[in-house]
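One structure below.
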Amino acid sequence: MKAIRHGSIGILPAGALGAAFFAHLTSGLANVDGSVFLIGRSGSASGRALADGGFLRFEIDGSPKSIPLEGLFFAGLPACLEFNQLPEILLVCPNPDQLLGVLDEYVGLLEALFATNQLAPRAMPTLVLTSNGIYFSRVRQMFIERLEEATLFGRLPDLWPDLMPRIIGRVIRGVTIQTGLRRGSGAHAVYVPGPSGITRLAGGDDALRRRAHALLAGRGAWFELAGERTPTRLEFDKAQINLCSNLLGQIYSLTSPGGFRPLKVCEIYAAEHEDEIRELTRNAFLVGRAVRAYGPDEDREKLHLELMQAAMKPSQHVPSSVQLLAMGLRDRTLKPELTPTEAWLLDPLIRYARTGGLESTARYFEALREKLLGLLRAAMAA
């Protein structure tokens, strides 16, 4: 009978964030015992290249380190199932536009278990979704729809009323400020983990969430339970940090039409940008209050100060979207479009603002989007 590997943690995929989690969950690579391992997205070219190279390359405290991937890398959840290596906890950390593909793969895992009469909670990993964005409620609903479609076509049994809540309870939101860099690509990529950053866990089944926290924090990484805060509340808090650091960071880094200088966090949050940063967080707060992520008596000024303090901790870090912008300019692959991080923040904010009757706020975020796109087009033309 297939069962998850008790006490194990899988990280999907081995990108900049995933590699950073791997480093912190193994005490800076000092405790690589096989209970923490990496999983590629099925069909991923970068995953294949990494596997073919045979090593994962890091830079830890300025020193290069490499670890062999044998026994530490599996090419997707089907491979984990085949080799009896299903993790108890699956840290899901791809780009947000790849989340639904991961959920499809998870549904496929359940279908494979059902086809061999092994569908049971003991063989189902707990998912911790750590990608940036405002998406938890919507993604969870889409997950339910995919499960029900599989039931409709006979690939899964009727999951109501017993199994469905137990499956959905395995979806937990992990809102993180963990940072990491990747230099190069494929088998030659070098991963540079940022300092240990907090990841707060919310949503899902209470017992499973506490178990996930015990395993993840027990390995020395910085994970905390969010208490009474909902996943959507945490997402709106993090959205304000992400939009300031990544979206405004790109705008400020594109110093003039066609010019570019990648800014660090400490430069993005400089005093001359304070008014614009406050305007962004004010509008995001209004949307958050409309969807009840924030209560009517929430102290906006107190929240703003708390978020800014958290945002400025990695002061020497270049935000991920600014890094992608630099790579796109260097490799001449830049496109006049938002990165997935910004798209999965701005699109929900604009949609919720309009639904909540906040027309001026919707227009504010649309104008911010157009400002960035205009600067990107100018950079491409240059």
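Lettering and numbering for the structure tokens are positional, with chains as A, B, ... in the shown order, residues counted from 1 in each chain, and ligands counted from 1 in the shown order.
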
Report as a list in words all protein, DNA and RNA residues lying within 12 Å of Ala187 of chain A, evaluated on only C-alpha atoms, omitting residues in the same chain fewer than 2 positions from it.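 The filter keeps Ala14, Gly15, Ala45, Ser46, Gly47, Arg48, Ala49, Leu50, Ala51, Asp52, Gly53, Gly54, Phe55, Leu56, Arg57, Phe58, Ser66, Pro68, Leu69, Arg182, Arg183, Gly184, Ser185, Ala189, Val190 and Tyr191 of chain A.
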
Write out as a ChimeraX atom specification which residues come within 10 Å of segment 342-349 of chain A when counting only C-alpha atoms, dropping same-chain ones fewer than 5 positions away. /A:95-97,131-135,138,235-236,238-240,242-243,246-247,283-284,286-288,321,337,354-355,361-362,365-366,368-369

Please give the complete set of residues from segment 212-338 of chain A that DSSP, run on the backbone, assigns to helix (DSSP H, G or I), formatted as a ChimeraX atom specification. /A:212-218,231-253,265-268,271-290,300-311,320-331

Env of Arg41 of chain A: 7 Å cut, atoms = only C-alpha atoms, seq-sep filter 3 positions within chain, self excluded. Answer as JSON, numbers by chain. {"A": [12, 13, 44, 47, 75, 76]}

With C-alpha atoms retained, could you export that selection as a PDB file, in the first residue's frame?
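The file below, again-v2.pdb, is the result:
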ATOM      1  CA  LEU A  12       8.793  21.841  -6.024  1.00  0.00           C
ATOM      2  CA  PRO A  13      10.533  23.100  -8.143  1.00  0.00           C
ATOM      3  CA  SER A  44      10.079  20.942 -17.212  1.00  0.00           C
ATOM      4  CA  GLY A  47      14.291  20.264 -14.391  1.00  0.00           C
ATOM      5  CA  ALA A  75      11.247  14.481 -11.991  1.00  0.00           C
ATOM      6  CA  GLY A  76       7.692  15.172 -10.840  1.00  0.00           C
TER       7      GLY A  76
END

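Here atom CA of Thr176 of chain A stands at a distance of 7.0 Å from atom CA of Gly197 of chain A.
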
Segment 195-358 of chain A: which residues are strand (DSSP E) by DSSP, as a VMD selection string? chain A and resid 199 to 202 223 to 225

Long-range neighbours of Pro121 of chain A as a list in words, 10 Å cut-off, only C-alpha atoms, 6 positions minimum in chain: Ala3, Ile4, Leu110, Leu163, Arg166, Ile167 and Arg170 of chain A

Nearest to Phe136 of chain A, chosen from A:Leu81, A:Leu159, A:Gly204, A:Asp104, with only C-alpha atoms counted in the distances: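 Among A:Leu81, A:Leu159, A:Gly204, A:Asp104, it is A:Gly204 that comes nearest to Phe136 of chain A.
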
At a cut-off of 12 Å, using only C-alpha atoms, what residues contact Gly154 of chain A? Leave out same-chain residues fewer than 5 positions from it and give the result as number ranges by chain. A: 111, 114-115, 147-149, 159

Calculated over only C-alpha atoms, which of the candidates A:Leu72, A:Val175, A:Val102, A:Leu208 has the smallest distance to Arg146 of chain A? A:Val102

Which residues are near Arg200 of chain A? Cut-off 10 Å, only C-alpha atoms, ignore same chain within fewer than 6 positions. Put them as a list of chain:residue names.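 Once the adjacent positions are removed, what remains is A:Thr130, A:Arg173, A:Gly174, A:Val175, A:Thr176, A:Ile177, A:His213, A:Trp222, A:Phe223, A:Glu224, A:Leu225, A:Ala226, A:Gly227, A:Arg229, A:Pro231, A:Leu234.
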
Any chance you can output those residues with N, CA, C and O atoms as an mmCIF file, in the first residue's frame?
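Wrote it out as selection.cif, contents follow:
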data_model
loop_
_atom_site.group_PDB
_atom_site.id
_atom_site.type_symbol
_atom_site.label_atom_id
_atom_site.label_comp_id
_atom_site.auth_asym_id
_atom_site.auth_seq_id
_atom_site.Cartn_x
_atom_site.Cartn_y
_atom_site.Cartn_z
ATOM 1 N N THR A 130 3.533 28.523 -1.524
ATOM 2 C CA THR A 130 4.356 29.653 -1.096
ATOM 3 C C THR A 130 4.584 30.689 -2.196
ATOM 4 O O THR A 130 5.263 31.691 -1.951
ATOM 5 N N ARG A 173 -1.747 27.695 2.942
ATOM 6 C CA ARG A 173 -1.054 28.851 2.369
ATOM 7 C C ARG A 173 0.161 29.175 3.214
ATOM 8 O O ARG A 173 0.073 29.300 4.440
ATOM 9 N N GLY A 174 1.304 29.300 2.568
ATOM 10 C CA GLY A 174 2.530 29.719 3.235
ATOM 11 C C GLY A 174 2.997 31.030 2.642
ATOM 12 O O GLY A 174 3.589 31.048 1.562
ATOM 13 N N VAL A 175 2.711 32.128 3.308
ATOM 14 C CA VAL A 175 3.095 33.448 2.796
ATOM 15 C C VAL A 175 4.505 33.754 3.296
ATOM 16 O O VAL A 175 4.749 33.816 4.503
ATOM 17 N N THR A 176 5.435 33.935 2.359
ATOM 18 C CA THR A 176 6.844 33.994 2.726
ATOM 19 C C THR A 176 7.513 35.285 2.283
ATOM 20 O O THR A 176 7.122 35.889 1.288
ATOM 21 N N ILE A 177 8.536 35.678 3.045
ATOM 22 C CA ILE A 177 9.420 36.754 2.599
ATOM 23 C C ILE A 177 10.828 36.197 2.374
ATOM 24 O O ILE A 177 11.797 36.960 2.314
ATOM 25 N N HIS A 213 3.981 22.809 10.343
ATOM 26 C CA HIS A 213 4.833 23.745 11.092
ATOM 27 C C HIS A 213 5.876 22.997 11.911
ATOM 28 O O HIS A 213 7.056 23.387 11.950
ATOM 29 N N TRP A 222 12.573 29.188 9.209
ATOM 30 C CA TRP A 222 11.745 30.159 9.927
ATOM 31 C C TRP A 222 10.298 30.065 9.438
ATOM 32 O O TRP A 222 9.897 30.751 8.518
ATOM 33 N N PHE A 223 9.541 29.184 10.058
ATOM 34 C CA PHE A 223 8.116 29.023 9.782
ATOM 35 C C PHE A 223 7.342 29.287 11.055
ATOM 36 O O PHE A 223 7.760 28.865 12.144
ATOM 37 N N GLU A 224 6.220 29.999 10.914
ATOM 38 C CA GLU A 224 5.364 30.295 12.064
ATOM 39 C C GLU A 224 3.903 30.061 11.689
ATOM 40 O O GLU A 224 3.521 30.179 10.515
ATOM 41 N N LEU A 225 3.091 29.743 12.683
ATOM 42 C CA LEU A 225 1.649 29.659 12.503
ATOM 43 C C LEU A 225 1.065 31.063 12.531
ATOM 44 O O LEU A 225 1.492 31.900 13.330
ATOM 45 N N ALA A 226 0.094 31.323 11.652
ATOM 46 C CA ALA A 226 -0.450 32.676 11.515
ATOM 47 C C ALA A 226 -1.521 32.997 12.537
ATOM 48 O O ALA A 226 -2.050 34.110 12.541
ATOM 49 N N GLY A 227 -1.866 32.049 13.396
ATOM 50 C CA GLY A 227 -2.899 32.320 14.407
ATOM 51 C C GLY A 227 -4.250 32.532 13.767
ATOM 52 O O GLY A 227 -4.701 31.746 12.936
ATOM 53 N N ARG A 229 -5.121 34.945 11.764
ATOM 54 C CA ARG A 229 -5.070 35.626 10.472
ATOM 55 C C ARG A 229 -5.379 34.659 9.334
ATOM 56 O O ARG A 229 -4.847 33.543 9.285
ATOM 57 N N PRO A 231 -5.664 33.265 5.303
ATOM 58 C CA PRO A 231 -4.756 33.302 4.154
ATOM 59 C C PRO A 231 -4.891 34.586 3.343
ATOM 60 O O PRO A 231 -3.890 35.151 2.900
ATOM 61 N N LEU A 234 -3.089 37.481 5.024
ATOM 62 C CA LEU A 234 -1.656 37.378 4.832
ATOM 63 C C LEU A 234 -1.267 37.746 3.401
ATOM 64 O O LEU A 234 -0.232 38.394 3.177
#

Selection: 8 Å around Arg5 of chain A, only C-alpha atoms, excl. self and same-chain fewer than 3 positions, as a list in words: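 So the residues in contact are Ser8, Asn84, Gln85, Leu86, Pro87 and Glu88 of chain A.
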
Of the candidates A:Lys2, A:Arg219, A:His188, A:Arg140, which one gets nearest to Ser35 of chain A if we count only C-alpha atoms?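 Using only C-alpha atoms, Ser35 of chain A sits closest to A:Arg219.
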
Interatomic distance between atom CA of Ile277 of chain A and atom CA of Ser196 of chain A? 25.2 Å

Residue with smallest distance to Gln309 of chain A - pool A:Ala271, A:Leu263, A:Ile241, A:Ala326, counting only C-alpha atoms: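 For Gln309 of chain A, the nearest of the candidates is A:Ile241.
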
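If you measure from each of A:Leu181, A:Glu276, A:Leu127, A:Gly186 to Leu201 of chain A using only C-alpha atoms, the closest one turns out to be A:Leu127.
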
d(atom CA of Leu373 of chain A, atom CA of Leu280 of chain A) in Å: 17.1 Å
